[in-house]
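Colleague: If you scroll down you'll find the structure; I have some questions about it.
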Number of protein chains: 2
Amino acid sequence: MAYVIGLMSGTSLDGIDVALVDIQGTGYDSQVKLLDFMTLPFPQSVRDEIMDSLSLERSNVQVICSLNFKLGELFADAVEAICKQNQLDFANISVIGSHGQTIYHQPQSEGAYVASTLQIGEPAVIAYRTNTTVISNFRTMDMAAGGQGAPLVPYTELIMYREQEKSRLLQNIGGIGNVTVIPKAAQLQDVYAFDTGPGNMIIDELCRVLFDTAYDQDGKWAAQGVVDEALLTQCMSIEYMQLQPPKSTGRELFGKQFVEKIIRENTHLSPYDLLATMTMFTASSIAYHCKNYIFPTLQVDEVIIGGGGSYNKTLLSMLQQQLGNTCRVITQEDVGLSSEAKEAVAFALLAHETLHRLPSNVPTATGAREPVILGNVTYPPRGV
Amino acid sequence: MAYVIGLMSGTSLDGIDVALVDIQGTGYDSQVKLLDFMTLPFPQSVRDEIMDSLSLERSNVQVICSLNFKLGELFADAVEAICKQNQLDFANISVIGSHGQTIYHQPQSEGAYVASTLQIGEPAVIAYRTNTTVISNFRTMDMAAGGQGAPLVPYTELIMYREQEKSRLLQNIGGIGNVTVIPKAAQLQDVYAFDTGPGNMIIDELCRVLFDTAYDQDGKWAAQGVVDEALLTQCMSIEYMQLQPPKSTGRELFGKQFVEKIIRENTHLSPYDLLATMTMFTASSIAYHCKNYIFPTLQVDEVIIGGGGSYNKTLLSMLQQQLGNTCRVITQEDVGLSSEAKEAVAFALLAHETLHRLPSNVPTATGAREPVILGNVTYPPRGV
């Protein structure tokens, strides 16, 4: 029994996700079982400091130097909390995988700035507090190998979701939608991933502006509206759809400005109709990518939905409707996994692989020249 | 035969020091032999970027993120250069120890800022280019253990300079003077270190202002002056002398302001006399610390001088004169070692120890609660 802990702190700055995982075997033979998962919210002062460290105007070397150590303490607190809750000694943990907090990501060089990435949350602090091996800084080696350092989840997806007899798509619906393609009996080089366009980003921003809430719970408001076909056609004609994968997108394309324009130009539509149309646009953009870039070369059995969007029932039924009956649309929970724990579990598994000196980037997903062993190892400081 | 490479980039921002070292054995049994040493100057644009990243006003997260990767490439260049010069394949190198460039060091917490340290020069880049194990970030674990993360050289000094029958002082004369005490047959807990006060800092600043040169070559100008006893007595009465070790000082006490005041208040003295007096003050402050804080409890056989000050013959003879004939004043080169390569050699040895999972901080020197294994390990990305 190898207990492994995964730590993740995402761009939403909600807090620290910590997963306790049991991993047997390595590589394709790994059996990964989630035992427990917690989220420890950041104190407001720390959230403010992270916001400062992300800002080109307010960040400086002293803020970053100090926050690196401060986050290390909070990550160590998270390890302590999950061990206590499960009555485990640190000595039972074989390795801790800590993604850290991304404070900058420069996917390509730009003027004097070279392609680079920066995660903080000092691993020495975590290792000292727990006297356990810590693996951190997973993205840097992929970038050293010419990759974009992201996405790193496809490896875990391959290991955890591959089946001998079924081809699967893992469609994540976070802010952005992204898909990982896992053909049956896939090897590393068979897996690929790309962004499908909007995830919850447009829906959430519309809810904020029109309904003063953070998101459309269960998709109940979208279910009350009627899709406007003209607006849907207009949205589907954007250039991103036509770009050949691999491709990626971010806040710039489907963010506030996009939503403001939609609202301004469609005052004849009710808030419910607008939301229904944008929910359909999100579903259609996913379906479009499946039909045009995946289905022509692969018979897909299941589309497994993860991320916050998996709780939007209207979005899910629209997607099933768009895809037809050729493949089943199900959620991560339907296959016994947890959507919210996914990334923390991923870094537990990546740490486990690095501990065994196995590569775990997916070059077809990141663009790296080759598979490489990810991360830095910090040994238990008092030995084992 | 274990070839090890050490990389260091100091606060002077001159460039990258790289040492090729042969290390046999581990711990007290280590035999360390310097095979080659080079300094690769930084391009001016990189020096400017480092200056920016050190500045609270000009640093930001993007500058630091990019520079971390850029310096990684330059460190990898340095490894390539020394391997080429010695016709060595990377496969012959067991490990690379990279100190990196310190861009911030917060020895104690201060307001919202916690005790922390930040070195950059991405190890993944070095490891990828060389497919060799890299150990880096040596200071963080000592700080996690409650230490100041500095000085780290005492461990190397213990291993390389300890003798069964002789007690030695290693007096480094860089900007600041600092001494490491290595009693005969010393164990880790017998070694201690502290700052003795000014090193070359006052002498160099006087040379800059009075002679428009960077330093007093061989001490030739000081040799032409006469020591002013009143000024010497005044300097020796500063509070720092009376403080009980362990203690440390920096630019704030013996920097530009100190020198400006000395010049302003002593216009009756010739430049040569001023320089002679300040050279004697530097020698006397070292001798004072020996006589008051070391000799009462230890019979010292040799004082071994390192750093730039070891080339100042006037300073050395003044020091011998102050110490009397009870112990010999010699230089690192006299015992077959290199003053300029010292720090790069230190990080080669520290990496070698970490590779063998041995602790290598000196708690009596850093203030750490206990000995700990230093640094992060980045594995050869394509395996071995």
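Following the order of the structure tokens, chains are lettered A, B, ..., residues in each are numbered from 1, and ligands are numbered from 1.
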Using only C-alpha atoms, which chain A residues lie at most 7 Å away from chain B, written as an NGL selection string?

Modeller: :A and (53-54 or 56 or 59-62 or 65-66 or 69-70 or 104 or 113-118 or 124-125 or 128 or 140-141 or 144-145 or 357 or 372-373 or 375-378 or 381-383)

Colleague: Store the residues of this selection in a file with N, CA, C and O atoms, as a CSV table (one decimal), in the first residue's frame.

Modeller:
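File produced: out09.csv:
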```
chain,number,residue,atom,x,y,z
A,53,SER,N,1.1,39.1,-6.0
A,53,SER,CA,2.2,38.4,-6.6
A,53,SER,C,1.9,38.1,-8.1
A,53,SER,O,2.8,37.9,-8.9
A,54,LEU,N,0.6,38.0,-8.4
A,54,LEU,CA,0.3,37.8,-9.8
A,54,LEU,C,0.3,39.1,-10.7
A,54,LEU,O,0.3,39.0,-11.9
A,56,LEU,N,1.6,42.5,-12.4
A,56,LEU,CA,2.8,43.1,-12.9
A,56,LEU,C,3.1,44.4,-12.1
A,56,LEU,O,4.3,44.7,-11.9
A,59,SER,N,3.6,43.1,-7.9
A,59,SER,CA,4.5,42.1,-7.5
A,59,SER,C,5.9,42.7,-7.4
A,59,SER,O,6.2,43.6,-8.1
A,60,ASN,N,6.7,42.2,-6.5
A,60,ASN,CA,8.1,42.4,-6.5
A,60,ASN,C,8.9,41.3,-5.8
A,60,ASN,O,8.2,40.3,-5.3
A,61,VAL,N,10.2,41.3,-5.8
A,61,VAL,CA,11.0,40.2,-5.4
A,61,VAL,C,10.7,39.8,-3.9
A,61,VAL,O,10.7,38.6,-3.6
A,62,GLN,N,10.5,40.8,-3.1
A,62,GLN,CA,10.3,40.6,-1.7
A,62,GLN,C,9.0,39.9,-1.4
A,62,GLN,O,8.9,38.9,-0.6
A,65,CYS,N,9.3,36.2,-2.7
A,65,CYS,CA,10.3,35.5,-1.8
A,65,CYS,C,9.5,35.0,-0.5
A,65,CYS,O,9.6,33.9,-0.1
A,66,SER,N,8.8,36.0,0.1
A,66,SER,CA,8.1,35.7,1.3
A,66,SER,C,6.9,34.8,1.1
A,66,SER,O,6.7,33.8,1.8
A,69,PHE,N,7.5,31.0,0.9
A,69,PHE,CA,7.7,30.3,2.2
A,69,PHE,C,6.3,30.2,2.9
A,69,PHE,O,6.0,29.2,3.5
A,70,LYS,N,5.5,31.3,2.9
A,70,LYS,CA,4.2,31.3,3.5
A,70,LYS,C,3.3,30.2,3.0
A,70,LYS,O,2.7,29.5,3.7
A,104,TYR,N,3.1,32.9,-12.5
A,104,TYR,CA,3.3,33.4,-13.9
A,104,TYR,C,3.5,32.2,-14.8
A,104,TYR,O,4.1,31.2,-14.5
A,113,TYR,N,11.5,38.5,-22.8
A,113,TYR,CA,11.1,37.4,-21.9
A,113,TYR,C,11.0,36.1,-22.5
A,113,TYR,O,10.4,35.9,-23.6
A,114,VAL,N,11.7,35.1,-22.0
A,114,VAL,CA,11.8,33.8,-22.5
A,114,VAL,C,10.6,32.9,-22.0
A,114,VAL,O,10.0,33.2,-21.0
A,115,ALA,N,10.3,31.8,-22.8
A,115,ALA,CA,9.2,30.9,-22.3
A,115,ALA,C,9.6,30.4,-21.0
A,115,ALA,O,10.7,29.9,-20.8
A,116,SER,N,8.7,30.4,-20.0
A,116,SER,CA,9.0,30.1,-18.7
A,116,SER,C,7.7,30.0,-17.8
A,116,SER,O,6.6,30.4,-18.3
A,117,THR,N,7.9,29.4,-16.7
A,117,THR,CA,6.7,29.2,-15.8
A,117,THR,C,7.2,29.3,-14.3
A,117,THR,O,8.3,29.0,-14.1
A,118,LEU,N,6.3,29.8,-13.4
A,118,LEU,CA,6.8,30.0,-12.0
A,118,LEU,C,5.7,29.6,-11.1
A,118,LEU,O,4.6,30.2,-11.0
A,124,ALA,N,10.7,22.7,0.5
A,124,ALA,CA,11.6,22.4,1.7
A,124,ALA,C,10.8,22.6,3.0
A,124,ALA,O,11.0,21.9,3.9
A,125,VAL,N,9.9,23.6,3.0
A,125,VAL,CA,9.0,23.8,4.2
A,125,VAL,C,8.1,22.6,4.4
A,125,VAL,O,7.9,22.1,5.5
A,128,TYR,N,10.2,19.6,5.5
A,128,TYR,CA,10.7,19.7,6.8
A,128,TYR,C,9.6,19.4,7.8
A,128,TYR,O,9.8,18.7,8.8
A,140,THR,N,8.3,22.8,-15.1
A,140,THR,CA,9.5,23.4,-15.6
A,140,THR,C,10.2,22.4,-16.6
A,140,THR,O,10.7,22.9,-17.6
A,141,MET,N,10.3,21.1,-16.3
A,141,MET,CA,11.0,20.2,-17.1
A,141,MET,C,10.4,20.0,-18.5
A,141,MET,O,11.1,20.0,-19.5
A,144,ALA,N,11.5,23.0,-20.3
A,144,ALA,CA,12.9,22.8,-20.7
A,144,ALA,C,13.0,22.0,-22.0
A,144,ALA,O,13.9,22.1,-22.8
A,145,ALA,N,12.0,21.0,-22.1
A,145,ALA,CA,12.0,20.1,-23.3
A,145,ALA,C,11.2,20.7,-24.4
A,145,ALA,O,10.8,20.0,-25.4
A,357,ARG,N,11.2,7.4,-11.1
A,357,ARG,CA,12.0,7.8,-12.3
A,357,ARG,C,11.3,7.5,-13.6
A,357,ARG,O,12.0,7.1,-14.6
A,372,VAL,N,9.7,13.3,-20.5
A,372,VAL,CA,10.7,13.6,-19.5
A,372,VAL,C,10.2,13.3,-18.1
A,372,VAL,O,9.0,13.4,-17.9
A,373,ILE,N,11.1,13.1,-17.2
A,373,ILE,CA,10.8,13.0,-15.8
A,373,ILE,C,10.5,14.3,-15.2
A,373,ILE,O,11.4,15.2,-15.3
A,375,GLY,N,9.6,17.4,-12.4
A,375,GLY,CA,9.7,17.8,-11.0
A,375,GLY,C,11.0,17.8,-10.3
A,375,GLY,O,12.0,17.1,-10.8
A,376,ASN,N,11.1,18.4,-9.2
A,376,ASN,CA,12.3,18.4,-8.3
A,376,ASN,C,11.9,17.5,-7.1
A,376,ASN,O,10.8,17.6,-6.6
A,377,VAL,N,12.9,16.8,-6.6
A,377,VAL,CA,12.7,15.9,-5.4
A,377,VAL,C,13.4,16.6,-4.2
A,377,VAL,O,14.5,16.9,-4.2
A,378,THR,N,12.6,16.8,-3.2
A,378,THR,CA,13.2,17.3,-1.9
A,378,THR,C,13.1,16.1,-0.9
A,378,THR,O,12.0,15.6,-0.6
A,381,PRO,N,14.3,15.7,5.2
A,381,PRO,CA,15.5,16.3,5.6
A,381,PRO,C,16.3,15.6,6.7
A,381,PRO,O,17.5,15.8,6.9
A,382,ARG,N,15.6,14.8,7.5
A,382,ARG,CA,16.3,14.1,8.6
A,382,ARG,C,16.5,12.6,8.2
A,382,ARG,O,16.8,11.8,9.0
A,383,GLY,N,16.5,12.3,6.9
A,383,GLY,CA,16.7,11.0,6.4
A,383,GLY,C,15.5,10.1,6.6
A,383,GLY,O,14.5,10.6,7.2
```

Colleague: Near Gly309 (chain A), counting only C-alpha atoms, which residues have an atom at most 8 Å away, once you skip same-chain residues fewer than 3 positions from it, shown as a PyMOL selection string?

Modeller: chain A and resi 172-174+199-200+305-306+312+315

Colleague: Take the residues from that selection and write them out as a PDB file, in the first residue's frame, keeping C-alpha atoms.

Modeller:
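The resulting part-v2.pdb:
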```
ATOM      1  CA  ASN A 172     -13.422  19.033 -18.806  1.00  0.00           C
ATOM      2  CA  ILE A 173     -15.767  21.998 -18.407  1.00  0.00           C
ATOM      3  CA  GLY A 174     -13.986  24.502 -16.205  1.00  0.00           C
ATOM      4  CA  GLY A 199     -16.437  26.058 -20.599  1.00  0.00           C
ATOM      5  CA  ASN A 200     -18.463  27.774 -17.874  1.00  0.00           C
ATOM      6  CA  ILE A 305     -17.677  15.182 -18.334  1.00  0.00           C
ATOM      7  CA  GLY A 306     -15.650  16.703 -15.492  1.00  0.00           C
ATOM      8  CA  ASN A 312     -25.156  21.770 -15.260  1.00  0.00           C
ATOM      9  CA  LEU A 315     -25.634  21.771 -20.611  1.00  0.00           C
TER      10      LEU A 315
END
```

Colleague: When you look at Met236 (chain B) with a cut-off of 8 Å (counting only C-alpha atoms), what residues show up, excluding the ones that are within fewer than 6 positions of it in the same chain? I need them as a list of chain:residue names.

Modeller: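 The neighbour list is B:Phe281, B:Ser284, B:Ser285.
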
Colleague: Excluding Ser317 (chain B) and residues on its chain fewer than 3 positions from it, collect all residues at most 12 Å away from it, counting only C-alpha atoms, and give them as a VMD selection string.

Modeller: chain B and resid 218 to 219 222 to 223 279 to 280 282 to 284 287 305 309 to 314 320 to 325 328 to 331

Colleague: Can you tell me, as a ChimeraX atom specification, what residues are no more than 10 Å from Val362 (chain A) when counting only C-alpha atoms, ignoring any on the same chain fewer than 4 positions away?

Modeller: /A:142,147,149-156,158,188-193,366-372

Colleague: Report as a PyMOL selection string all protein, DNA and RNA residues lying within 12 Å of Glu260 (chain B), evaluated on only C-alpha atoms, omitting residues in the same chain fewer than 5 positions from it.

Modeller: chain B and resi 202+205-206+208-210+254-255+265-267+274

Colleague: Go ahead and write the residues just picked, N, CA, C and O atoms, as a PDB file, in the first residue's frame.

Modeller:
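Output file part.pdb is given in full below:
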```pdb
ATOM      1  N   ILE B 202      36.088  48.618   3.011  1.00  0.00           N
ATOM      2  CA  ILE B 202      36.558  49.984   3.275  1.00  0.00           C
ATOM      3  C   ILE B 202      37.749  50.311   2.375  1.00  0.00           C
ATOM      4  O   ILE B 202      37.825  51.385   1.763  1.00  0.00           O
ATOM      5  N   GLU B 205      36.589  50.940  -1.233  1.00  0.00           N
ATOM      6  CA  GLU B 205      35.852  52.194  -1.404  1.00  0.00           C
ATOM      7  C   GLU B 205      36.812  53.385  -1.324  1.00  0.00           C
ATOM      8  O   GLU B 205      36.689  54.342  -2.098  1.00  0.00           O
ATOM      9  N   LEU B 206      37.794  53.311  -0.403  1.00  0.00           N
ATOM     10  CA  LEU B 206      38.807  54.371  -0.326  1.00  0.00           C
ATOM     11  C   LEU B 206      39.597  54.458  -1.643  1.00  0.00           C
ATOM     12  O   LEU B 206      39.858  55.549  -2.136  1.00  0.00           O
ATOM     13  N   ARG B 208      38.601  53.634  -4.563  1.00  0.00           N
ATOM     14  CA  ARG B 208      37.727  54.171  -5.591  1.00  0.00           C
ATOM     15  C   ARG B 208      37.669  55.697  -5.502  1.00  0.00           C
ATOM     16  O   ARG B 208      37.848  56.403  -6.494  1.00  0.00           O
ATOM     17  N   VAL B 209      37.514  56.207  -4.275  1.00  0.00           N
ATOM     18  CA  VAL B 209      37.352  57.646  -4.093  1.00  0.00           C
ATOM     19  C   VAL B 209      38.691  58.376  -4.232  1.00  0.00           C
ATOM     20  O   VAL B 209      38.780  59.396  -4.917  1.00  0.00           O
ATOM     21  N   LEU B 210      39.738  57.858  -3.600  1.00  0.00           N
ATOM     22  CA  LEU B 210      41.017  58.594  -3.531  1.00  0.00           C
ATOM     23  C   LEU B 210      41.952  58.305  -4.697  1.00  0.00           C
ATOM     24  O   LEU B 210      42.728  59.161  -5.102  1.00  0.00           O
ATOM     25  N   PHE B 254      29.904  49.263   7.158  1.00  0.00           N
ATOM     26  CA  PHE B 254      31.237  49.636   6.677  1.00  0.00           C
ATOM     27  C   PHE B 254      31.225  50.060   5.204  1.00  0.00           C
ATOM     28  O   PHE B 254      32.216  49.906   4.493  1.00  0.00           O
ATOM     29  N   GLY B 255      30.117  50.600   4.758  1.00  0.00           N
ATOM     30  CA  GLY B 255      29.966  50.949   3.349  1.00  0.00           C
ATOM     31  C   GLY B 255      30.359  52.387   3.045  1.00  0.00           C
ATOM     32  O   GLY B 255      31.195  52.994   3.728  1.00  0.00           O
ATOM     33  N   GLU B 265      36.355  63.695   8.005  1.00  0.00           N
ATOM     34  CA  GLU B 265      36.859  64.068   9.329  1.00  0.00           C
ATOM     35  C   GLU B 265      38.374  63.982   9.447  1.00  0.00           C
ATOM     36  O   GLU B 265      38.936  64.266  10.512  1.00  0.00           O
ATOM     37  N   ASN B 266      39.052  63.517   8.376  1.00  0.00           N
ATOM     38  CA  ASN B 266      40.501  63.319   8.474  1.00  0.00           C
ATOM     39  C   ASN B 266      41.253  63.939   7.306  1.00  0.00           C
ATOM     40  O   ASN B 266      42.156  63.335   6.726  1.00  0.00           O
ATOM     41  N   THR B 267      40.884  65.172   6.976  1.00  0.00           N
ATOM     42  CA  THR B 267      41.524  65.844   5.834  1.00  0.00           C
ATOM     43  C   THR B 267      43.000  66.133   6.093  1.00  0.00           C
ATOM     44  O   THR B 267      43.756  66.404   5.168  1.00  0.00           O
ATOM     45  N   LEU B 274      45.664  57.446   5.112  1.00  0.00           N
ATOM     46  CA  LEU B 274      44.288  56.989   5.328  1.00  0.00           C
ATOM     47  C   LEU B 274      44.152  55.512   4.968  1.00  0.00           C
ATOM     48  O   LEU B 274      43.579  54.711   5.707  1.00  0.00           O
TER      49      LEU B 274
END
```

Colleague: Which one is closest to Thr132 (chain A): A:Met51, A:Val226, A:Ile5, A:Ala185? Count only C-alpha atoms.

Modeller: A:Ile5

Colleague: Tell me, in Å to one decimal, how far CA of Pro41 (chain A) is from CA of Asp17 (chain A).

Modeller: 8.7 Å

Colleague: Excluding Glu157 (chain B) and its own-chain neighbours fewer than 2 positions away, which residues fall within 12 Å of it when counting only C-alpha atoms? Please give them as a ChimeraX atom specification.

Modeller: /B:27-28,30,32,151-155,159-163,168-172,179-183,186-188,191-193,304,306,332,337,339,342-343,345-347,349-350,360-362,365

Colleague: Could you pull out the alpha helix (DSSP H) residues of region 152-274 of chain B, going by DSSP on the backbone, and write them as a PyMOL selection string?

Modeller: chain B and resi 153-161+201-206+229-236+239-242+251-254+256-265+271-274

Colleague: Write out as a list in words the set of residues from region 257-328 of chain A that DSSP, computed on the backbone, places in strand (DSSP E or B).

Modeller: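 Result set for region 257-328 of chain A (strand (DSSP E or B)): Glu302, Val303, Ile304, Ile305, Gly306 and Arg328 of chain A.
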
Colleague: Take the residues from that selection and write them out as a PDB file, in the first residue's frame, keeping N, CA, C and O atoms.

Modeller:
```
ATOM      1  N   GLU A 302     -17.600   6.699 -25.068  1.00  0.00           N
ATOM      2  CA  GLU A 302     -18.107   7.512 -23.954  1.00  0.00           C
ATOM      3  C   GLU A 302     -17.459   8.886 -23.928  1.00  0.00           C
ATOM      4  O   GLU A 302     -16.257   9.012 -24.185  1.00  0.00           O
ATOM      5  N   VAL A 303     -18.275   9.881 -23.597  1.00  0.00           N
ATOM      6  CA  VAL A 303     -17.735  11.214 -23.300  1.00  0.00           C
ATOM      7  C   VAL A 303     -17.956  11.432 -21.808  1.00  0.00           C
ATOM      8  O   VAL A 303     -19.104  11.447 -21.343  1.00  0.00           O
ATOM      9  N   ILE A 304     -16.845  11.554 -21.061  1.00  0.00           N
ATOM     10  CA  ILE A 304     -16.957  11.693 -19.610  1.00  0.00           C
ATOM     11  C   ILE A 304     -16.731  13.151 -19.244  1.00  0.00           C
ATOM     12  O   ILE A 304     -15.668  13.713 -19.517  1.00  0.00           O
ATOM     13  N   ILE A 305     -17.747  13.754 -18.634  1.00  0.00           N
ATOM     14  CA  ILE A 305     -17.677  15.182 -18.334  1.00  0.00           C
ATOM     15  C   ILE A 305     -17.148  15.418 -16.926  1.00  0.00           C
ATOM     16  O   ILE A 305     -17.617  14.791 -15.965  1.00  0.00           O
ATOM     17  N   GLY A 306     -16.178  16.318 -16.800  1.00  0.00           N
ATOM     18  CA  GLY A 306     -15.650  16.703 -15.492  1.00  0.00           C
ATOM     19  C   GLY A 306     -15.693  18.208 -15.339  1.00  0.00           C
ATOM     20  O   GLY A 306     -16.056  18.939 -16.266  1.00  0.00           O
ATOM     21  N   ARG A 328     -22.215   7.781 -25.338  1.00  0.00           N
ATOM     22  CA  ARG A 328     -22.879   8.146 -24.083  1.00  0.00           C
ATOM     23  C   ARG A 328     -22.189   9.354 -23.450  1.00  0.00           C
ATOM     24  O   ARG A 328     -20.962   9.394 -23.359  1.00  0.00           O
TER      25      ARG A 328
END
```
